[in-house]
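Structure data (mmCIF, N, CA and C atoms) from run26.cif:
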```
data_protein
#
loop_
_atom_site.label_atom_id
_atom_site.label_comp_id
_atom_site.auth_asym_id
_atom_site.auth_seq_id
_atom_site.Cartn_x
_atom_site.Cartn_y
_atom_site.Cartn_z
N MET A 5 -38.78 -46.31 -91.39
CA MET A 5 -37.82 -46.95 -90.51
C MET A 5 -37.69 -48.43 -90.87
N LEU A 6 -38.79 -49.07 -91.21
CA LEU A 6 -38.74 -50.48 -91.55
C LEU A 6 -37.91 -50.72 -92.81
N ARG A 7 -38.01 -49.84 -93.77
CA ARG A 7 -37.31 -50.00 -95.04
C ARG A 7 -35.80 -49.83 -94.88
N HIS A 8 -35.36 -48.87 -94.07
CA HIS A 8 -33.94 -48.54 -93.98
C HIS A 8 -33.29 -48.97 -92.66
N GLY A 9 -34.08 -49.38 -91.68
CA GLY A 9 -33.52 -49.80 -90.40
C GLY A 9 -33.18 -48.66 -89.46
N HIS A 10 -33.45 -47.44 -89.88
CA HIS A 10 -33.22 -46.27 -89.04
C HIS A 10 -34.09 -45.13 -89.56
N VAL A 11 -34.21 -44.09 -88.77
CA VAL A 11 -34.98 -42.92 -89.18
C VAL A 11 -34.11 -42.07 -90.10
N ARG A 12 -34.61 -41.80 -91.29
CA ARG A 12 -33.86 -40.98 -92.25
C ARG A 12 -34.26 -39.52 -92.07
N ARG A 13 -33.27 -38.65 -91.98
CA ARG A 13 -33.50 -37.21 -91.84
C ARG A 13 -32.82 -36.50 -93.00
N GLY A 14 -33.42 -35.40 -93.44
CA GLY A 14 -32.81 -34.60 -94.48
C GLY A 14 -31.65 -33.79 -93.93
N TYR A 15 -30.67 -33.53 -94.81
CA TYR A 15 -29.46 -32.81 -94.42
C TYR A 15 -29.16 -31.78 -95.50
N ILE A 16 -28.95 -30.52 -95.08
CA ILE A 16 -28.58 -29.49 -96.05
C ILE A 16 -27.19 -28.92 -95.79
N GLY A 17 -26.61 -29.16 -94.64
CA GLY A 17 -25.24 -28.76 -94.38
C GLY A 17 -25.04 -27.34 -93.88
N VAL A 18 -25.89 -26.90 -92.98
CA VAL A 18 -25.71 -25.56 -92.40
C VAL A 18 -25.72 -25.65 -90.88
N ALA A 19 -25.02 -24.72 -90.26
CA ALA A 19 -25.16 -24.48 -88.83
C ALA A 19 -25.94 -23.18 -88.74
N GLY A 20 -26.98 -23.17 -87.92
CA GLY A 20 -27.82 -21.98 -87.85
C GLY A 20 -28.26 -21.68 -86.44
N GLN A 21 -28.84 -20.50 -86.29
CA GLN A 21 -29.39 -20.09 -85.00
C GLN A 21 -30.66 -19.29 -85.26
N ASN A 22 -31.52 -19.27 -84.26
CA ASN A 22 -32.76 -18.51 -84.38
C ASN A 22 -32.43 -17.03 -84.56
N ALA A 23 -33.22 -16.37 -85.42
CA ALA A 23 -32.99 -14.95 -85.69
C ALA A 23 -34.33 -14.22 -85.71
N THR A 24 -34.43 -13.18 -84.91
CA THR A 24 -35.61 -12.32 -84.93
C THR A 24 -35.42 -11.29 -86.03
N LEU A 25 -36.46 -11.10 -86.83
CA LEU A 25 -36.39 -10.16 -87.95
C LEU A 25 -37.01 -8.82 -87.56
N ALA A 26 -36.46 -7.76 -88.11
CA ALA A 26 -37.02 -6.43 -87.88
C ALA A 26 -38.42 -6.36 -88.47
N ARG A 27 -39.30 -5.65 -87.79
CA ARG A 27 -40.68 -5.53 -88.25
C ARG A 27 -40.79 -5.00 -89.68
N ARG A 28 -39.93 -4.04 -90.01
CA ARG A 28 -39.98 -3.46 -91.35
C ARG A 28 -39.60 -4.48 -92.41
N VAL A 29 -38.70 -5.41 -92.08
CA VAL A 29 -38.31 -6.47 -93.02
C VAL A 29 -39.47 -7.44 -93.21
N VAL A 30 -40.13 -7.80 -92.12
CA VAL A 30 -41.28 -8.71 -92.17
C VAL A 30 -42.38 -8.11 -93.04
N ARG A 31 -42.67 -6.81 -92.85
CA ARG A 31 -43.71 -6.14 -93.64
C ARG A 31 -43.30 -6.01 -95.10
N TYR A 32 -42.06 -5.60 -95.35
CA TYR A 32 -41.58 -5.36 -96.71
C TYR A 32 -41.67 -6.62 -97.56
N PHE A 33 -41.26 -7.75 -97.00
CA PHE A 33 -41.27 -9.01 -97.75
C PHE A 33 -42.53 -9.83 -97.53
N ALA A 34 -43.49 -9.30 -96.76
CA ALA A 34 -44.76 -9.99 -96.46
C ALA A 34 -44.50 -11.40 -95.93
N LEU A 35 -43.66 -11.49 -94.91
CA LEU A 35 -43.30 -12.78 -94.33
C LEU A 35 -44.36 -13.23 -93.33
N PRO A 36 -44.59 -14.54 -93.25
CA PRO A 36 -45.62 -15.04 -92.33
C PRO A 36 -45.16 -15.12 -90.87
N ALA A 37 -43.85 -15.01 -90.62
CA ALA A 37 -43.33 -15.09 -89.25
C ALA A 37 -42.32 -13.97 -89.03
N GLU A 38 -42.11 -13.62 -87.78
CA GLU A 38 -41.18 -12.54 -87.44
C GLU A 38 -39.80 -13.07 -87.08
N SER A 39 -39.53 -14.32 -87.43
CA SER A 39 -38.23 -14.91 -87.17
C SER A 39 -37.90 -15.95 -88.22
N GLY A 40 -36.66 -16.40 -88.22
CA GLY A 40 -36.20 -17.41 -89.16
C GLY A 40 -34.94 -18.05 -88.62
N VAL A 41 -34.16 -18.67 -89.51
CA VAL A 41 -32.91 -19.31 -89.13
C VAL A 41 -31.76 -18.60 -89.84
N ARG A 42 -30.91 -17.95 -89.04
CA ARG A 42 -29.72 -17.30 -89.61
C ARG A 42 -28.65 -18.36 -89.82
N VAL A 43 -28.14 -18.42 -91.04
CA VAL A 43 -27.08 -19.36 -91.38
C VAL A 43 -25.77 -18.83 -90.81
N MET A 44 -25.15 -19.61 -89.93
CA MET A 44 -23.89 -19.21 -89.31
C MET A 44 -22.70 -19.74 -90.11
N SER A 45 -22.86 -20.93 -90.69
CA SER A 45 -21.81 -21.49 -91.54
C SER A 45 -22.42 -22.51 -92.49
N VAL A 46 -21.72 -22.75 -93.59
CA VAL A 46 -22.15 -23.70 -94.62
C VAL A 46 -21.02 -24.68 -94.84
N GLU A 47 -21.33 -25.98 -94.75
CA GLU A 47 -20.31 -27.00 -94.95
C GLU A 47 -19.96 -27.11 -96.43
N THR A 48 -18.67 -27.18 -96.72
CA THR A 48 -18.18 -27.32 -98.07
C THR A 48 -18.72 -28.60 -98.69
N GLY A 49 -19.20 -28.51 -99.93
CA GLY A 49 -19.71 -29.67 -100.64
C GLY A 49 -21.11 -30.10 -100.25
N SER A 50 -21.75 -29.39 -99.34
CA SER A 50 -23.09 -29.74 -98.88
C SER A 50 -24.14 -29.25 -99.88
N PRO A 51 -25.39 -29.73 -99.75
CA PRO A 51 -26.45 -29.20 -100.61
C PRO A 51 -26.59 -27.68 -100.49
N ALA A 52 -26.42 -27.14 -99.30
CA ALA A 52 -26.54 -25.68 -99.11
C ALA A 52 -25.43 -24.95 -99.86
N ALA A 53 -24.21 -25.50 -99.84
CA ALA A 53 -23.10 -24.88 -100.56
C ALA A 53 -23.35 -24.91 -102.06
N GLU A 54 -23.86 -26.02 -102.56
CA GLU A 54 -24.15 -26.15 -103.99
C GLU A 54 -25.25 -25.19 -104.42
N THR A 55 -26.16 -24.87 -103.51
CA THR A 55 -27.25 -23.95 -103.80
C THR A 55 -26.80 -22.49 -103.77
N GLY A 56 -25.68 -22.22 -103.11
CA GLY A 56 -25.19 -20.85 -103.02
C GLY A 56 -25.56 -20.16 -101.72
N LEU A 57 -26.08 -20.91 -100.76
CA LEU A 57 -26.42 -20.34 -99.45
C LEU A 57 -25.14 -19.85 -98.79
N GLU A 58 -25.21 -18.72 -98.11
CA GLU A 58 -24.03 -18.12 -97.47
C GLU A 58 -24.30 -17.81 -96.01
N ALA A 59 -23.22 -17.74 -95.23
CA ALA A 59 -23.34 -17.31 -93.84
C ALA A 59 -23.97 -15.93 -93.83
N GLY A 60 -24.93 -15.71 -92.94
CA GLY A 60 -25.64 -14.44 -92.87
C GLY A 60 -27.01 -14.48 -93.51
N ASP A 61 -27.23 -15.43 -94.44
CA ASP A 61 -28.56 -15.58 -95.04
C ASP A 61 -29.53 -16.04 -93.95
N VAL A 62 -30.82 -15.74 -94.14
CA VAL A 62 -31.84 -16.16 -93.17
C VAL A 62 -32.87 -17.00 -93.90
N ILE A 63 -33.03 -18.26 -93.46
CA ILE A 63 -34.03 -19.16 -94.04
C ILE A 63 -35.37 -18.81 -93.41
N VAL A 64 -36.36 -18.47 -94.25
CA VAL A 64 -37.68 -18.07 -93.74
C VAL A 64 -38.80 -19.00 -94.17
N ALA A 65 -38.56 -19.87 -95.16
CA ALA A 65 -39.59 -20.82 -95.58
C ALA A 65 -38.96 -22.05 -96.21
N TRP A 66 -39.65 -23.18 -96.08
CA TRP A 66 -39.21 -24.46 -96.62
C TRP A 66 -40.42 -25.10 -97.28
N ASP A 67 -40.35 -25.29 -98.57
CA ASP A 67 -41.46 -25.91 -99.32
C ASP A 67 -42.78 -25.15 -99.07
N GLY A 68 -42.68 -23.83 -98.99
CA GLY A 68 -43.86 -23.00 -98.79
C GLY A 68 -44.34 -22.89 -97.35
N LYS A 69 -43.68 -23.59 -96.43
CA LYS A 69 -44.06 -23.54 -95.02
C LYS A 69 -43.13 -22.59 -94.28
N PRO A 70 -43.67 -21.73 -93.41
CA PRO A 70 -42.82 -20.79 -92.66
C PRO A 70 -41.83 -21.53 -91.77
N VAL A 71 -40.62 -20.99 -91.70
CA VAL A 71 -39.59 -21.50 -90.79
C VAL A 71 -39.33 -20.39 -89.78
N SER A 72 -39.78 -20.60 -88.55
CA SER A 72 -39.65 -19.56 -87.54
C SER A 72 -38.44 -19.77 -86.63
N GLY A 73 -37.77 -20.91 -86.77
CA GLY A 73 -36.60 -21.18 -85.94
C GLY A 73 -35.95 -22.49 -86.31
N ILE A 74 -34.83 -22.78 -85.67
CA ILE A 74 -34.04 -23.97 -85.99
C ILE A 74 -34.82 -25.25 -85.70
N ASP A 75 -35.62 -25.27 -84.63
CA ASP A 75 -36.41 -26.47 -84.32
C ASP A 75 -37.42 -26.74 -85.43
N GLU A 76 -38.03 -25.69 -85.94
CA GLU A 76 -39.00 -25.82 -87.03
C GLU A 76 -38.32 -26.38 -88.28
N LEU A 77 -37.13 -25.89 -88.59
CA LEU A 77 -36.40 -26.39 -89.75
C LEU A 77 -36.08 -27.87 -89.59
N HIS A 78 -35.64 -28.27 -88.41
CA HIS A 78 -35.36 -29.69 -88.15
C HIS A 78 -36.62 -30.54 -88.36
N ARG A 79 -37.76 -30.06 -87.90
CA ARG A 79 -39.02 -30.81 -88.07
C ARG A 79 -39.38 -30.95 -89.55
N LEU A 80 -39.05 -29.94 -90.34
CA LEU A 80 -39.40 -29.97 -91.77
C LEU A 80 -38.44 -30.82 -92.61
N LEU A 81 -37.25 -31.07 -92.11
CA LEU A 81 -36.26 -31.87 -92.85
C LEU A 81 -36.54 -33.36 -92.65
N THR A 82 -37.66 -33.81 -93.20
CA THR A 82 -38.08 -35.19 -93.04
C THR A 82 -37.60 -36.05 -94.20
N GLU A 83 -37.82 -37.34 -94.06
CA GLU A 83 -37.40 -38.32 -95.06
C GLU A 83 -37.95 -38.00 -96.45
N GLN A 84 -39.15 -37.44 -96.52
CA GLN A 84 -39.76 -37.19 -97.82
C GLN A 84 -38.93 -36.25 -98.69
N TYR A 85 -38.05 -35.45 -98.09
CA TYR A 85 -37.24 -34.50 -98.86
C TYR A 85 -35.87 -35.04 -99.25
N VAL A 86 -35.46 -36.20 -98.70
CA VAL A 86 -34.14 -36.75 -99.02
C VAL A 86 -34.10 -37.08 -100.51
N GLY A 87 -33.21 -36.42 -101.22
CA GLY A 87 -33.04 -36.65 -102.66
C GLY A 87 -34.04 -35.93 -103.54
N ALA A 88 -35.01 -35.26 -102.95
CA ALA A 88 -36.04 -34.56 -103.73
C ALA A 88 -35.75 -33.06 -103.75
N GLY A 89 -36.02 -32.43 -104.86
CA GLY A 89 -35.84 -30.99 -104.94
C GLY A 89 -36.94 -30.27 -104.17
N VAL A 90 -36.56 -29.20 -103.51
CA VAL A 90 -37.52 -28.42 -102.73
C VAL A 90 -37.13 -26.95 -102.83
N GLU A 91 -38.12 -26.08 -102.68
CA GLU A 91 -37.84 -24.64 -102.70
C GLU A 91 -37.67 -24.14 -101.28
N MET A 92 -36.57 -23.41 -101.08
CA MET A 92 -36.26 -22.81 -99.79
C MET A 92 -36.23 -21.30 -99.99
N THR A 93 -36.96 -20.55 -99.17
CA THR A 93 -36.97 -19.10 -99.28
C THR A 93 -36.00 -18.52 -98.26
N VAL A 94 -35.13 -17.64 -98.74
CA VAL A 94 -34.11 -17.05 -97.87
C VAL A 94 -34.06 -15.53 -98.08
N LEU A 95 -33.65 -14.85 -97.03
CA LEU A 95 -33.32 -13.44 -97.14
C LEU A 95 -31.81 -13.38 -97.31
N HIS A 96 -31.38 -12.84 -98.44
CA HIS A 96 -29.97 -12.75 -98.79
C HIS A 96 -29.64 -11.28 -98.98
N ARG A 97 -28.91 -10.73 -98.01
CA ARG A 97 -28.61 -9.30 -97.99
C ARG A 97 -29.89 -8.51 -98.08
N THR A 98 -30.20 -7.86 -99.21
CA THR A 98 -31.42 -7.04 -99.32
C THR A 98 -32.47 -7.69 -100.21
N GLN A 99 -32.31 -8.99 -100.48
CA GLN A 99 -33.24 -9.67 -101.38
C GLN A 99 -33.93 -10.85 -100.71
N LYS A 100 -35.12 -11.16 -101.21
CA LYS A 100 -35.82 -12.39 -100.83
C LYS A 100 -35.69 -13.32 -102.03
N LEU A 101 -35.06 -14.47 -101.82
CA LEU A 101 -34.78 -15.40 -102.91
C LEU A 101 -35.46 -16.74 -102.69
N ALA A 102 -35.89 -17.36 -103.77
CA ALA A 102 -36.38 -18.73 -103.74
C ALA A 102 -35.28 -19.59 -104.35
N LEU A 103 -34.68 -20.46 -103.54
CA LEU A 103 -33.59 -21.30 -103.99
C LEU A 103 -34.03 -22.76 -104.06
N ALA A 104 -33.64 -23.45 -105.11
CA ALA A 104 -33.90 -24.87 -105.23
C ALA A 104 -32.78 -25.63 -104.54
N ILE A 105 -33.14 -26.55 -103.65
CA ILE A 105 -32.15 -27.33 -102.91
C ILE A 105 -32.58 -28.79 -102.91
N ARG A 106 -31.61 -29.71 -102.90
CA ARG A 106 -31.88 -31.14 -102.87
C ARG A 106 -31.18 -31.74 -101.65
N PRO A 107 -31.90 -31.86 -100.52
CA PRO A 107 -31.29 -32.43 -99.31
C PRO A 107 -30.81 -33.86 -99.52
N THR A 108 -29.74 -34.21 -98.83
CA THR A 108 -29.27 -35.58 -98.83
C THR A 108 -29.65 -36.19 -97.48
N GLU A 109 -29.31 -37.46 -97.28
CA GLU A 109 -29.60 -38.09 -96.00
C GLU A 109 -28.59 -37.63 -94.97
N LEU A 110 -29.06 -37.34 -93.76
CA LEU A 110 -28.19 -36.93 -92.68
C LEU A 110 -27.15 -38.02 -92.45
N PRO A 111 -25.86 -37.66 -92.56
CA PRO A 111 -24.82 -38.67 -92.35
C PRO A 111 -24.86 -39.21 -90.92
N THR A 112 -24.65 -40.51 -90.79
CA THR A 112 -24.61 -41.10 -89.46
C THR A 112 -23.23 -40.90 -88.87
N ARG A 113 -23.19 -40.63 -87.61
CA ARG A 113 -21.91 -40.42 -86.93
C ARG A 113 -21.62 -41.69 -86.11
N GLY A 114 -20.42 -42.16 -86.22
CA GLY A 114 -20.15 -43.36 -85.47
C GLY A 114 -18.75 -43.75 -85.41
#
```

Can you give me the file's structure in the form of structure tokens?
Amino acid sequence: MLRHGHVRRGYIGVAGQNATLARRVVRYFALPAESGVRVMSVETGSPAAETGLEAGDVIVAWDGKPVSGIDELHRLLTEQYVGAGVEMTVLHRTQKLALAIRPTELPTRG
């Protein structure tokens, strides 16, 4: 905060909601949590769009840490990830994918 004059947050450009996963999906992919973040929309030109994330995908891990809901994802999008590459694990249709993403700084609204 002292360096930039405000709290910097990571931004990937998705709107999401908490999603409960079926038990068989959790077992099949050996997931650490029974929930994640379902991507509802992806902003054009955002880091998520550049990565290929699509509406309907479910984010289940961020930098190896489980993501059990939208609040957890917000907590993990800290300043340390702004501009740095990170691995995000998602369920995409019938696959579990590890995607490389580079968050930008959350745009200020004003």

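Every residue that the PyMOL selection byres ((chain A and resi 88-104) around 7) selects in this file is listed here: Thr55, Gly60, Asp61, Val62, Ile63, Val64, Ala65, Trp66, Asp67, Gly68, Gln84, Tyr85, Val86, Gly87, Ile105, Arg106, Pro107 and Thr108 of chain A.
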
- Please provide the set of residues having any atom within 6.5 Å of Gly40 of chain A, restricted to only N, CA and C atoms, with same-chain residues fewer than 5 positions apart removed, written as a PyMOL selection string. chain A and resi 21-25+62-64+71-74

- Can you list, as a ChimeraX atom specification, every residue of chain A that DSSP puts in strand (DSSP E)? /A:14-15,18-24,39-46,62-66,69-70,90-96,99-105,108-109

Writing out the chosen residues with N, CA and C atoms as a compact mmCIF listing (two decimals), keeping the file's coordinate frame:
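That gives us out04.txt:
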```txt
# COMPACT_ATOMS: atom_id res chain seq x y z
N GLY A 14 -33.42 -35.40 -93.44
CA GLY A 14 -32.81 -34.60 -94.48
C GLY A 14 -31.65 -33.79 -93.93
N TYR A 15 -30.67 -33.53 -94.81
CA TYR A 15 -29.46 -32.81 -94.42
C TYR A 15 -29.16 -31.78 -95.50
N VAL A 18 -25.89 -26.90 -92.98
CA VAL A 18 -25.71 -25.56 -92.40
C VAL A 18 -25.72 -25.65 -90.88
N ALA A 19 -25.02 -24.72 -90.26
CA ALA A 19 -25.16 -24.48 -88.83
C ALA A 19 -25.94 -23.18 -88.74
N GLY A 20 -26.98 -23.17 -87.92
CA GLY A 20 -27.82 -21.98 -87.85
C GLY A 20 -28.26 -21.68 -86.44
N GLN A 21 -28.84 -20.50 -86.29
CA GLN A 21 -29.39 -20.09 -85.00
C GLN A 21 -30.66 -19.29 -85.26
N ASN A 22 -31.52 -19.27 -84.26
CA ASN A 22 -32.76 -18.51 -84.38
C ASN A 22 -32.43 -17.03 -84.56
N ALA A 23 -33.22 -16.37 -85.42
CA ALA A 23 -32.99 -14.95 -85.69
C ALA A 23 -34.33 -14.22 -85.71
N THR A 24 -34.43 -13.18 -84.91
CA THR A 24 -35.61 -12.32 -84.93
C THR A 24 -35.42 -11.29 -86.03
N SER A 39 -39.53 -14.32 -87.43
CA SER A 39 -38.23 -14.91 -87.17
C SER A 39 -37.90 -15.95 -88.22
N GLY A 40 -36.66 -16.40 -88.22
CA GLY A 40 -36.20 -17.41 -89.16
C GLY A 40 -34.94 -18.05 -88.62
N VAL A 41 -34.16 -18.67 -89.51
CA VAL A 41 -32.91 -19.31 -89.13
C VAL A 41 -31.76 -18.60 -89.84
N ARG A 42 -30.91 -17.95 -89.04
CA ARG A 42 -29.72 -17.30 -89.61
C ARG A 42 -28.65 -18.36 -89.82
N VAL A 43 -28.14 -18.42 -91.04
CA VAL A 43 -27.08 -19.36 -91.38
C VAL A 43 -25.77 -18.83 -90.81
N MET A 44 -25.15 -19.61 -89.93
CA MET A 44 -23.89 -19.21 -89.31
C MET A 44 -22.70 -19.74 -90.11
N SER A 45 -22.86 -20.93 -90.69
CA SER A 45 -21.81 -21.49 -91.54
C SER A 45 -22.42 -22.51 -92.49
N VAL A 46 -21.72 -22.75 -93.59
CA VAL A 46 -22.15 -23.70 -94.62
C VAL A 46 -21.02 -24.68 -94.84
N VAL A 62 -30.82 -15.74 -94.14
CA VAL A 62 -31.84 -16.16 -93.17
C VAL A 62 -32.87 -17.00 -93.90
N ILE A 63 -33.03 -18.26 -93.46
CA ILE A 63 -34.03 -19.16 -94.04
C ILE A 63 -35.37 -18.81 -93.41
N VAL A 64 -36.36 -18.47 -94.25
CA VAL A 64 -37.68 -18.07 -93.74
C VAL A 64 -38.80 -19.00 -94.17
N ALA A 65 -38.56 -19.87 -95.16
CA ALA A 65 -39.59 -20.82 -95.58
C ALA A 65 -38.96 -22.05 -96.21
N TRP A 66 -39.65 -23.18 -96.08
CA TRP A 66 -39.21 -24.46 -96.62
C TRP A 66 -40.42 -25.10 -97.28
N LYS A 69 -43.68 -23.59 -96.43
CA LYS A 69 -44.06 -23.54 -95.02
C LYS A 69 -43.13 -22.59 -94.28
N PRO A 70 -43.67 -21.73 -93.41
CA PRO A 70 -42.82 -20.79 -92.66
C PRO A 70 -41.83 -21.53 -91.77
N VAL A 90 -36.56 -29.20 -103.51
CA VAL A 90 -37.52 -28.42 -102.73
C VAL A 90 -37.13 -26.95 -102.83
N GLU A 91 -38.12 -26.08 -102.68
CA GLU A 91 -37.84 -24.64 -102.70
C GLU A 91 -37.67 -24.14 -101.28
N MET A 92 -36.57 -23.41 -101.08
CA MET A 92 -36.26 -22.81 -99.79
C MET A 92 -36.23 -21.30 -99.99
N THR A 93 -36.96 -20.55 -99.17
CA THR A 93 -36.97 -19.10 -99.28
C THR A 93 -36.00 -18.52 -98.26
N VAL A 94 -35.13 -17.64 -98.74
CA VAL A 94 -34.11 -17.05 -97.87
C VAL A 94 -34.06 -15.53 -98.08
N LEU A 95 -33.65 -14.85 -97.03
CA LEU A 95 -33.32 -13.44 -97.14
C LEU A 95 -31.81 -13.38 -97.31
N HIS A 96 -31.38 -12.84 -98.44
CA HIS A 96 -29.97 -12.75 -98.79
C HIS A 96 -29.64 -11.28 -98.98
N GLN A 99 -32.31 -8.99 -100.48
CA GLN A 99 -33.24 -9.67 -101.38
C GLN A 99 -33.93 -10.85 -100.71
N LYS A 100 -35.12 -11.16 -101.21
CA LYS A 100 -35.82 -12.39 -100.83
C LYS A 100 -35.69 -13.32 -102.03
N LEU A 101 -35.06 -14.47 -101.82
CA LEU A 101 -34.78 -15.40 -102.91
C LEU A 101 -35.46 -16.74 -102.69
N ALA A 102 -35.89 -17.36 -103.77
CA ALA A 102 -36.38 -18.73 -103.74
C ALA A 102 -35.28 -19.59 -104.35
N LEU A 103 -34.68 -20.46 -103.54
CA LEU A 103 -33.59 -21.30 -103.99
C LEU A 103 -34.03 -22.76 -104.06
N ALA A 104 -33.64 -23.45 -105.11
CA ALA A 104 -33.90 -24.87 -105.23
C ALA A 104 -32.78 -25.63 -104.54
N ILE A 105 -33.14 -26.55 -103.65
CA ILE A 105 -32.15 -27.33 -102.91
C ILE A 105 -32.58 -28.79 -102.91
N THR A 108 -29.74 -34.21 -98.83
CA THR A 108 -29.27 -35.58 -98.83
C THR A 108 -29.65 -36.19 -97.48
N GLU A 109 -29.31 -37.46 -97.28
CA GLU A 109 -29.60 -38.09 -96.00
C GLU A 109 -28.59 -37.63 -94.97
```

- Task: as a ChimeraX atom specification, please: all residues of chain A that backbone DSSP puts in helix (DSSP H, G or I).
- Result: /A:27-32,51-55,74-80,83-85

- Interatomic distance between atom CA of Leu35 of chain A and atom CA of Leu81 of chain A? 20.4 Å

Run the PyMOL selection byres (((chain A and resi 52 and name CA) around 7) and name CA) mentally over the shown coordinates, then write out the matched residues as a PDB file with N, CA and C atoms, keeping the file's coordinate frame, using the chain letters and numbers from the document.
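File produced: result.pdb:
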```pdb
ATOM      1  N   ILE A  16     -28.950 -30.520 -95.080  1.00  0.00           N
ATOM      2  CA  ILE A  16     -28.580 -29.490 -96.050  1.00  0.00           C
ATOM      3  C   ILE A  16     -27.190 -28.920 -95.790  1.00  0.00           C
ATOM      4  N   GLY A  17     -26.610 -29.160 -94.640  1.00  0.00           N
ATOM      5  CA  GLY A  17     -25.240 -28.760 -94.380  1.00  0.00           C
ATOM      6  C   GLY A  17     -25.040 -27.340 -93.880  1.00  0.00           C
ATOM      7  N   VAL A  18     -25.890 -26.900 -92.980  1.00  0.00           N
ATOM      8  CA  VAL A  18     -25.710 -25.560 -92.400  1.00  0.00           C
ATOM      9  C   VAL A  18     -25.720 -25.650 -90.880  1.00  0.00           C
ATOM     10  N   VAL A  46     -21.720 -22.750 -93.590  1.00  0.00           N
ATOM     11  CA  VAL A  46     -22.150 -23.700 -94.620  1.00  0.00           C
ATOM     12  C   VAL A  46     -21.020 -24.680 -94.840  1.00  0.00           C
ATOM     13  N   SER A  50     -21.750 -29.390 -99.340  1.00  0.00           N
ATOM     14  CA  SER A  50     -23.090 -29.740 -98.880  1.00  0.00           C
ATOM     15  C   SER A  50     -24.140 -29.250 -99.880  1.00  0.00           C
ATOM     16  N   PRO A  51     -25.390 -29.730 -99.750  1.00  0.00           N
ATOM     17  CA  PRO A  51     -26.450 -29.200-100.610  1.00  0.00           C
ATOM     18  C   PRO A  51     -26.590 -27.680-100.490  1.00  0.00           C
ATOM     19  N   ALA A  53     -24.210 -25.500 -99.840  1.00  0.00           N
ATOM     20  CA  ALA A  53     -23.100 -24.880-100.560  1.00  0.00           C
ATOM     21  C   ALA A  53     -23.350 -24.910-102.060  1.00  0.00           C
ATOM     22  N   GLU A  54     -23.860 -26.020-102.560  1.00  0.00           N
ATOM     23  CA  GLU A  54     -24.150 -26.150-103.990  1.00  0.00           C
ATOM     24  C   GLU A  54     -25.250 -25.190-104.420  1.00  0.00           C
ATOM     25  N   THR A  55     -26.160 -24.870-103.510  1.00  0.00           N
ATOM     26  CA  THR A  55     -27.250 -23.950-103.800  1.00  0.00           C
ATOM     27  C   THR A  55     -26.800 -22.490-103.770  1.00  0.00           C
ATOM     28  N   GLY A  56     -25.680 -22.220-103.110  1.00  0.00           N
ATOM     29  CA  GLY A  56     -25.190 -20.850-103.020  1.00  0.00           C
ATOM     30  C   GLY A  56     -25.560 -20.160-101.720  1.00  0.00           C
ATOM     31  N   LEU A  57     -26.080 -20.910-100.760  1.00  0.00           N
ATOM     32  CA  LEU A  57     -26.420 -20.340 -99.450  1.00  0.00           C
ATOM     33  C   LEU A  57     -25.140 -19.850 -98.790  1.00  0.00           C
ATOM     34  N   ILE A 105     -33.140 -26.550-103.650  1.00  0.00           N
ATOM     35  CA  ILE A 105     -32.150 -27.330-102.910  1.00  0.00           C
ATOM     36  C   ILE A 105     -32.580 -28.790-102.910  1.00  0.00           C
TER      37      ILE A 105
END
```

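Taking atom CA of Glu76 of chain A as the reference point, atom CA of Arg28 of chain A is found at 22.8 Å.
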